[in-house]
Amino acid sequence: MAAMAGRGSLPEGALFLGFDSSTQSLKATVLNNELAIVASEIVNFDSDLPHYKTEGGVYRDSTDDGHIFSPTIMWVEALELLLEKLKPKINFNKLKDAFSTMNSPVWMDSSTTKQCREIENEVGGALELAKLTGSRAYERFTGPQIRKIYQTEPNVYADTERISLVSSFMASILVGSYASIDETDGAGMNLMDINQRTWSKTVLEATAPGLEAKLGNLAPAYSAAGQIAPYFVEKFQFDKNCLVIQWSGDNPNSLAGLTLNTPGDLAISLGTSDTVFGITAEAKPSLEGHVFPNPVEPGGYMVMLCYKNGSLTREGLYVYFPLSYQVCMSLFHISDDLHCGFRCAKSVCREIVGCFQQLSRKNSPSKWLEFVWDISLGQPFYVKFIRVSRGPRTMIYFSILYIGGKLGFYYKDHEILPPLPVGFHRYIVESLSEASSDNLIEHEVEEFDPPSEVRAIIEGQILSMRGHAERFGMPNPPKRIIATGGASSNESILKALAQIFGCPVFTVQRPDSASLGAALRAAHGWLCNAKGSFVPISCLYEGNLEKTSLGSKLAVPAGDEEEDRELLKKYTLLVRKRMEIERRLVEKIGRA
């Protein structure tokens with residue numbers, strides 16, 4: 001029966017188009033009926049639509065701390081431009097007068113702390129709200145944002161006929177009428193009853209009057225929003241019977257694109273935001289993290305942690321420093337007893353310097369960060385050298401076997417987890433090599449040396465991910481991590497994930513798993529519609545995953561040597577110390 005309802009049920013020659021409407025760009029992936037990628041495109045808001053003058057796809061309101069938003073019409077024009085690369089133009093200007101407000105708050109906004117506390121108080125506290133909706137009140141969630149507009153711009157609220165998420169808004173454009181909000185993305189609003197999967201009247205009343213009529217109905221993620229509007233048939237030659245499946249959020253789509261269906265697995269998305277997510281059979285909300293309905297399994301749930309300070313914070317750290325042969329010798333402690341393995345430490349050091357200078361001249365933050373991470377240790381340590389030939393150059397990579405004790409907290413924007421304001425905090429943990437979890441002592445410093453700064457910004461985020469994932473009840477250690485997002489192409493960050501979590505790390509063919517997952521969900525939704533009921537998404541690829549564009553491959557194995565186990569023990573100590581310092585920071589300056 002599964003074979004009958006599987007990939008072979010997809011029409012010969014059919015194409016499935018998935019979109020990822022993210023903070024900085026709009027991406028598209030096209031799958032054929034064999035679930036192989038046949039096309040992909042991207043529109044970067046800053047570079048491809050420069051007339052909007054966004055930075056990182058957003059505007060920051062200097063008069064309202066934490067208020068971050070995007071011009072709504074920009075998303076429409078981005079859709080036009082993306083489709084233009086396939087077939088020409090939409091007249092998006094006609095929609096300008098359709099909006100009750102020209103700007104839309106985005107997930108990076110943190111200006112609604114007051115409204116969050118008001119909603120929580122109305123329903124009996126933060127934990128009660130989490131039990132109802134899957135999350136305590138978060139500034140970026142739609143409910144608090146709606147309440148703020150109701151309070152500060154009552155005329156705008158009164159004039160609004162329909163409130164959409166970015167996902168349902170983009171689907172509405174494609175079907176030419178209001179599309180429903182899907183149940184998974186709807187759970188990220190602080191408005192939906194997570195168990196009943198209907199709007200919670202208790203929370204709606206605590207948010208704004210007459211809200212339910214402005215939201216419309218909820219719909220399962222696998223259902224059809226409708227057929228594509230005639231406009232797109234005429235302009236872009238879409239098939240007139242083309243179905244538009246309900247849009248969802250980027251992380252739910254990534255869950256689908258990563259084929260995440262084993263409870264012991266974790267996915268980590270390293271993008272503008274960093275997220276950690278997995279699946280579970282039952283909803284157990286708490287005061288941190290989120291519980292959403294599983295977008296591809298109606299009876300299950302998706303659990304997630306979200307960090308605001310992701311790639312923009314990582315790539316915003318520029319600490320260039322000169323390297324000489326003497327510095328390299330000192331930094332790597334290369335001697336006659338321990339050297340590169342090629343019997344010539346000095347020549348290796350020269351090659352390291354050459355690579356660094358080459359990367360600096362290219363001014364490529366991600367490449368530079370990958371390289372500097374590999375050499376950024378301020379404490380004595382030992383390394384294994386691995387020589388990898390790539391084209392005309394030979395690159396040197398290092399397998400780190402010992403760590404220092406420097407903990408950094410880097411918040412370019414107000415952070416979600418933990419709820420801390422903009423700021424940078426640095427600590428040195430003393431005598432880590434001889435310490436236990438009971439006697440670790442740290443002291444705060446103003447700055448680290450440049451190599452340690454680079455290391456700390458990467459390590460710190462991953463230590464936080466592990467600490468909060470364990471506290472939220474995610475598997476410890478995971479069976480495996482599947483890494484996605486732009487930074488998942490960085491081999492050194494993947495290595496750090498494996499070392500800190502103590503498990504193997506896998507990657508997928510494309511770091512853009514969100515639009516890939518959207519395309520897979522398009523195929524799944526089409527199949528469910530054709531069968532007249534829900535069918536498991538796994539029947540599309542079960543037994544044939546390696547023949548599709550959905551398979552994952554081992555990027556970094558879990559270390560099984562004695563030095564790897566010792567390294568994991570030290571990271572475990574640092575996780576506990578970091579969580580302890582974080583708790584004190586939240587008590588002292590936290591926003592929640």
# chains A, B, ... in the order shown; residues from 1 in each chain; ligands from 1
>>> residues_around(residues="Gly551 (chain A)", least_positions_apart="4", cutoff="8 Å", atoms="only C-alpha atoms", output="list in words")
Leu258, Val508, Gln509, Leu545, Glu546 and Lys547 of chain A
>>> residues_around(residues="region 46-53 of chain A", least_positions_apart="2", cutoff="9 Å", atoms="only C-alpha atoms", output="CSV table (one decimal) with all heavy atoms, in the first residue's frame")
chain,number,residue,atom,x,y,z
A,24,GLN,N,16.7,37.5,5.1
A,24,GLN,CA,17.6,38.2,4.2
A,24,GLN,C,17.3,37.9,2.7
A,24,GLN,O,17.9,38.6,1.8
A,24,GLN,CB,19.0,37.8,4.5
A,24,GLN,CG,19.5,38.1,5.9
A,24,GLN,CD,20.9,37.8,6.1
A,24,GLN,OE1,21.8,38.5,5.6
A,24,GLN,NE2,21.2,36.8,6.9
A,25,SER,N,16.5,36.9,2.4
A,25,SER,CA,16.4,36.5,1.0
A,25,SER,C,15.1,35.7,0.8
A,25,SER,O,14.4,35.3,1.7
A,25,SER,CB,17.6,35.7,0.6
A,25,SER,OG,17.6,34.5,1.3
A,43,VAL,N,16.8,35.4,-4.3
A,43,VAL,CA,16.8,36.9,-4.4
A,43,VAL,C,17.3,37.4,-3.1
A,43,VAL,O,16.6,37.1,-2.0
A,43,VAL,CB,15.4,37.4,-4.7
A,43,VAL,CG1,15.4,39.0,-4.6
A,43,VAL,CG2,15.0,37.1,-6.1
A,44,ASN,N,18.4,38.1,-3.0
A,44,ASN,CA,18.9,38.7,-1.8
A,44,ASN,C,18.3,40.1,-1.7
A,44,ASN,O,18.5,40.9,-2.6
A,44,ASN,CB,20.4,38.7,-1.8
A,44,ASN,CG,21.0,39.3,-0.6
A,44,ASN,OD1,21.0,40.5,-0.3
A,44,ASN,ND2,21.5,38.4,0.3
A,55,GLU,N,19.2,46.5,5.6
A,55,GLU,CA,20.5,45.9,6.0
A,55,GLU,C,20.2,44.6,6.7
A,55,GLU,O,19.5,44.5,7.7
A,55,GLU,CB,21.2,46.8,7.0
A,55,GLU,CG,21.7,48.1,6.4
A,55,GLU,CD,22.6,48.9,7.4
A,55,GLU,OE1,22.9,48.4,8.4
A,55,GLU,OE2,22.8,50.1,7.1
A,56,GLY,N,20.7,43.5,6.0
A,56,GLY,CA,20.3,42.2,6.5
A,56,GLY,C,18.8,41.9,6.3
A,56,GLY,O,18.2,41.1,6.9
A,57,GLY,N,18.2,42.6,5.3
A,57,GLY,CA,16.8,42.4,5.0
A,57,GLY,C,15.8,43.1,5.9
A,57,GLY,O,14.6,43.0,5.7
A,58,VAL,N,16.3,44.0,6.8
A,58,VAL,CA,15.4,44.6,7.8
A,58,VAL,C,15.8,46.1,7.9
A,58,VAL,O,16.8,46.6,7.5
A,58,VAL,CB,15.5,43.9,9.1
A,58,VAL,CG1,15.1,42.4,9.0
A,58,VAL,CG2,16.9,44.0,9.8
A,59,TYR,N,14.9,46.8,8.6
A,59,TYR,CA,15.1,48.1,9.1
A,59,TYR,C,15.2,48.1,10.6
A,59,TYR,O,14.4,47.3,11.2
A,59,TYR,CB,13.9,49.1,8.7
A,59,TYR,CG,13.7,49.3,7.3
A,59,TYR,CD1,12.4,49.5,6.8
A,59,TYR,CD2,14.8,49.5,6.4
A,59,TYR,CE1,12.2,49.7,5.4
A,59,TYR,CE2,14.6,49.7,5.0
A,59,TYR,CZ,13.3,49.8,4.6
A,59,TYR,OH,13.0,50.0,3.2
A,71,PRO,N,9.8,46.1,5.0
A,71,PRO,CA,8.7,46.6,4.1
A,71,PRO,C,8.0,45.5,3.5
A,71,PRO,O,8.6,44.7,2.7
A,71,PRO,CB,9.4,47.5,3.1
A,71,PRO,CG,10.8,47.0,3.0
A,71,PRO,CD,11.1,46.4,4.4
A,74,MET,N,8.2,44.7,-0.2
A,74,MET,CA,9.5,44.1,-0.7
A,74,MET,C,9.4,42.6,-0.9
A,74,MET,O,10.0,42.1,-1.9
A,74,MET,CB,10.6,44.4,0.3
A,74,MET,CG,12.0,43.9,0.0
A,74,MET,SD,13.2,44.2,1.2
A,74,MET,CE,12.7,43.2,2.6
A,77,GLU,N,7.7,42.1,-4.2
A,77,GLU,CA,8.6,42.4,-5.4
A,77,GLU,C,9.7,41.3,-5.5
A,77,GLU,O,10.1,40.9,-6.6
A,77,GLU,CB,9.3,43.7,-5.2
A,77,GLU,CG,10.1,44.1,-6.4
A,77,GLU,CD,10.7,45.5,-6.3
A,77,GLU,OE1,10.3,46.3,-5.4
A,77,GLU,OE2,11.5,45.9,-7.2
A,78,ALA,N,10.1,40.7,-4.3
A,78,ALA,CA,11.1,39.6,-4.4
A,78,ALA,C,10.5,38.4,-5.1
A,78,ALA,O,11.2,37.7,-5.8
A,78,ALA,CB,11.5,39.3,-2.9
A,81,LEU,N,10.6,39.1,-8.7
A,81,LEU,CA,12.0,39.0,-9.2
A,81,LEU,C,12.4,37.5,-9.3
A,81,LEU,O,13.1,37.1,-10.3
A,81,LEU,CB,13.0,39.8,-8.4
A,81,LEU,CG,14.4,39.9,-8.8
A,81,LEU,CD1,14.4,40.5,-10.2
A,81,LEU,CD2,15.2,40.8,-7.9
>>> select_by_dssp(residues="region 7-151 of chain A", states="strand (DSSP E)", output="VMD selection string")
chain A and resid 15 to 21 25 to 32 37 to 44 59 to 60 68 to 71 103 to 105
>>> closest_residue(among="A:Val575, A:Leu527, A:Ala130, A:Ile581", to="Asn33 (chain A)", atoms="only C-alpha atoms")
A:Leu527
>>> residues_around(residues="Ala555 (chain A)", least_positions_apart="6", cutoff="10 Å", atoms="only C-alpha atoms", output="list in words")
Ile482, Ala483, Ser488, Ser489, Glu491, Leu494, Lys495, Ala498, Pro504, Val505, Phe506, Thr507 and Val508 of chain A
>>> closest_residue(among="A:Ala456, A:Ala283, A:Ile163, A:Ala208", to="Lys131 (chain A)", atoms="only C-alpha atoms")
A:Ala283
>>> closest_residue(among="A:Ile181, A:Gly473, A:Glu587, A:Thr275", to="Pro263 (chain A)", atoms="only C-alpha atoms")
A:Gly473
>>> closest_atom_pairs(of="region 452-549 of chain A", to="region 243-246 of chain A", cutoff="10 Å", atoms="only C-alpha atoms", output="JSON lines")
{"residue": "A:Ala518", "atom": "CA", "partner": "A:Ile245", "partner_atom": "CA", "distance": 9.2}
{"residue": "A:Ala519", "atom": "CA", "partner": "A:Ile245", "partner_atom": "CA", "distance": 9.7}
{"residue": "A:Arg521", "atom": "CA", "partner": "A:Ile245", "partner_atom": "CA", "distance": 7.6}
{"residue": "A:Ala522", "atom": "CA", "partner": "A:Ile245", "partner_atom": "CA", "distance": 5.8}
{"residue": "A:Ala523", "atom": "CA", "partner": "A:Ile245", "partner_atom": "CA", "distance": 8.8}
{"residue": "A:His524", "atom": "CA", "partner": "A:Ile245", "partner_atom": "CA", "distance": 9.0}
{"residue": "A:Gly525", "atom": "CA", "partner": "A:Ile245", "partner_atom": "CA", "distance": 5.9}
{"residue": "A:Trp526", "atom": "CA", "partner": "A:Leu243", "partner_atom": "CA", "distance": 7.0}
{"residue": "A:Asn529", "atom": "CA", "partner": "A:Leu243", "partner_atom": "CA", "distance": 9.1}
>>> atom_distance(atom1="CA of Leu174 (chain A)", atom2="CA of Ala229 (chain A)")
6.0 Å
